[in-house]
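For reference, work00.pdb (PDB, C-alpha atoms):
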```pdb
ATOM      1  CA  MET A 202       3.288 164.178 107.109
ATOM      2  CA  ARG A 203       3.704 164.146 103.351
ATOM      3  CA  TYR A 204       4.643 160.483 103.035
ATOM      4  CA  ARG A 205       4.102 157.111 104.634
ATOM      5  CA  VAL A 206       6.859 154.815 105.845
ATOM      6  CA  LEU A 207       7.689 151.468 104.279
ATOM      7  CA  ASN A 208       8.335 148.942 107.026
ATOM      8  CA  LYS A 209       7.371 145.511 105.712
ATOM      9  CA  ASN A 210       9.984 143.267 104.147
ATOM     10  CA  ARG A 211       7.759 142.495 101.152
ATOM     11  CA  GLU A 212       7.447 146.212 100.366
ATOM     12  CA  PHE A 213      11.227 146.596 100.303
ATOM     13  CA  THR A 214      11.628 143.398  98.264
ATOM     14  CA  ARG A 215       9.110 144.664  95.707
ATOM     15  CA  ALA A 216      11.062 147.895  95.309
ATOM     16  CA  TYR A 217      14.344 145.995  94.943
ATOM     17  CA  SER A 218      13.007 143.588  92.326
ATOM     18  CA  ARG A 219      10.637 145.788  90.264
ATOM     19  CA  GLY A 220      11.997 149.255  90.868
ATOM     20  CA  LYS A 221      14.416 151.336  88.872
ATOM     21  CA  SER A 222      17.683 151.916  90.690
ATOM     22  CA  PHE A 223      19.868 154.993  90.764
ATOM     23  CA  VAL A 224      23.375 154.493  92.119
ATOM     24  CA  HIS A 225      25.662 156.969  93.848
ATOM     25  CA  PRO A 226      28.850 156.070  95.761
ATOM     26  CA  LEU A 227      27.101 156.829  99.076
ATOM     27  CA  LEU A 228      23.461 156.025  98.271
ATOM     28  CA  VAL A 229      21.311 153.720  96.156
ATOM     29  CA  THR A 230      17.742 154.777  95.391
ATOM     30  CA  TYR A 231      15.010 152.398  94.201
ATOM     31  CA  VAL A 232      11.837 153.903  92.741
ATOM     32  CA  VAL A 233       8.691 152.013  91.743
ATOM     33  CA  LYS A 234       5.274 153.345  90.694
ATOM     34  CA  THR A 235       2.276 152.215  92.773
ATOM     35  CA  ARG A 236      -1.495 152.381  92.502
ATOM     36  CA  THR A 237      -1.941 154.078  95.858
ATOM     37  CA  LYS A 238      -2.331 157.842  95.967
ATOM     38  CA  LYS A 239       0.308 158.300  98.659
ATOM     39  CA  LEU A 240       4.090 158.491  98.543
ATOM     40  CA  ARG A 241       5.795 155.788 100.613
ATOM     41  CA  VAL A 242       9.456 155.970 101.634
ATOM     42  CA  GLY A 243      11.829 153.450 103.216
ATOM     43  CA  ILE A 244      15.378 154.073 104.428
ATOM     44  CA  THR A 245      17.849 151.286 105.151
ATOM     45  CA  SER A 246      21.512 150.966 106.026
ATOM     46  CA  SER A 247      23.568 147.821 106.420
ATOM     47  CA  LYS A 248      26.293 146.913 108.887
ATOM     48  CA  LYS A 249      28.849 147.915 106.264
ATOM     49  CA  ILE A 250      28.124 151.521 107.281
ATOM     50  CA  GLY A 251      29.472 150.985 110.785
ATOM     51  CA  ASN A 252      28.082 150.622 114.275
ATOM     52  CA  ALA A 253      24.525 151.504 115.304
ATOM     53  CA  VAL A 254      25.365 155.166 115.869
ATOM     54  CA  ALA A 255      26.772 155.537 112.343
ATOM     55  CA  ARG A 256      23.819 153.702 110.769
ATOM     56  CA  ASN A 257      21.284 155.858 112.611
ATOM     57  CA  ARG A 258      23.156 159.019 111.642
ATOM     58  CA  ALA A 259      23.149 157.925 107.983
ATOM     59  CA  ARG A 260      19.384 157.398 108.138
ATOM     60  CA  ARG A 261      18.857 160.791 109.803
ATOM     61  CA  VAL A 262      20.930 162.553 107.144
ATOM     62  CA  ILE A 263      19.004 160.825 104.337
ATOM     63  CA  ARG A 264      15.668 161.687 105.985
ATOM     64  CA  ALA A 265      16.641 165.358 106.387
ATOM     65  CA  ALA A 266      17.843 165.643 102.785
ATOM     66  CA  MET A 267      14.701 163.929 101.522
ATOM     67  CA  ALA A 268      12.428 166.257 103.515
ATOM     68  CA  ALA A 269      14.196 169.299 102.109
ATOM     69  CA  GLN A 270      13.884 168.125  98.484
ATOM     70  CA  LEU A 271      10.503 166.360  98.515
ATOM     71  CA  PRO A 272       7.766 168.211  96.605
ATOM     72  CA  PRO A 273       4.394 168.507  98.381
ATOM     73  CA  ASP A 274       2.569 166.535  95.669
ATOM     74  CA  ALA A 275       5.091 163.752  95.076
ATOM     75  CA  GLY A 276       2.447 161.284  93.885
ATOM     76  CA  SER A 277       2.112 157.529  94.099
ATOM     77  CA  TRP A 278       5.612 156.106  94.372
ATOM     78  CA  ASP A 279       7.514 153.730  96.602
ATOM     79  CA  ILE A 280      11.033 155.021  97.189
ATOM     80  CA  VAL A 281      13.726 153.077  99.035
ATOM     81  CA  PHE A 282      17.005 154.731 100.014
ATOM     82  CA  VAL A 283      19.913 152.421 100.862
ATOM     83  CA  ALA A 284      22.935 153.982 102.548
ATOM     84  CA  ARG A 285      26.262 152.609 101.315
ATOM     85  CA  GLY A 286      29.639 152.377 102.997
ATOM     86  CA  ARG A 287      32.569 154.351 101.712
TER      87      ARG A 287
END
```
The structure in this file should be written as structure tokens.
Amino acid sequence: MRYRVLNKNREFTRAYSRGKSFVHPLLVTYVVKTRTKKLRVGITSSKKIGNAVARNRARRVIRAAMAAQLPPDAGSWDIVFVARGR
């Protein structure tokens, strides 16, 4: 595995408050530099996306796209992907 998973609320909150955001109509990405040597990634989706099936599918699509584009030596970053509704 080339990255670790963000799963604590404080880790997401830190990315939201200190990170740089990049907005797309279907996705918001927050990126913040860390002191750790490992890349950490978190993926979220709100109820605005739809029911549980739609939210899980959105997370799977984001995870697949991220795995295809992620370089092997991504470095020490926290990245949070937030799926948006249409």
Residue contacts of Ile250 in chain A (7 Å, all atoms listed in the file) excluding same-chain residues fewer than 6 positions away, as a PyMOL selection string: chain A and resi 256+285-286
Which residues come within 10 Å of Glu212 in chain A, counting all atoms listed in the file, excluding same-chain residues fewer than 3 positions away, as a PyMOL selection string? chain A and resi 207-209+215-217+241+243+279+281
If you count all atoms listed in the file, which residues fall within 6 Å of Tyr231 in chain A, apart from same-chain ones fewer than 4 positions away, as a ChimeraX atom specification? /A:220-222,280-281
Expected file contents, prior selection, C-alpha atoms, as an mmCIF file, in the coordinates of the input:
```cif
data_model
loop_
_atom_site.group_PDB
_atom_site.id
_atom_site.type_symbol
_atom_site.label_atom_id
_atom_site.label_comp_id
_atom_site.auth_asym_id
_atom_site.auth_seq_id
_atom_site.Cartn_x
_atom_site.Cartn_y
_atom_site.Cartn_z
ATOM 1 C CA GLY A 220 11.997 149.255 90.868
ATOM 2 C CA LYS A 221 14.416 151.336 88.872
ATOM 3 C CA SER A 222 17.683 151.916 90.690
ATOM 4 C CA ILE A 280 11.033 155.021 97.189
ATOM 5 C CA VAL A 281 13.726 153.077 99.035
#
```
Report as number ranges by chain the full result of the PyMOL selection byres ((chain A and resi 227) around 8) when it is applied to this structure. A: 225-226, 228-229, 284-287
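Shortest separation to Tyr204 in chain A among A:Asn252, A:Thr237, A:Asn257, A:Thr245 occurs at residue A:Thr237, atoms counted being all atoms listed in the file.
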Residues selected by the PyMOL selection byres ((chain A and resi 271-278) around 7), written as a PyMOL selection string: chain A and resi 203+232-241+267-270+279-280
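When CA of Ser246 in chain A is paired with CA of Val283 in chain A, their separation reads 5.6 Å.
Straight-line separation from CA of Ala255 in chain A to CA of Thr214 in chain A: 24.0 Å.
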How big is the axis-aligned box around the listed atoms of range 231-248 of chain A once 8 Å is added on each side, and where is its centre? Give both in Å to one decimal, as lines of an AutoDock Vina configuration file.
```
center_x = 12.0
center_y = 152.7
center_z = 99.8
size_x = 44.6
size_y = 27.6
size_z = 34.2
```
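The coordinates place CA of Val224 in chain A at 15.8 Å from CA of Ser247 in chain A.
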Hey, which of A:Ile244, A:Ala259, A:Ala266, A:Val254 ends up closest to Phe213 in chain A? Count only C-alpha atoms. A:Ile244
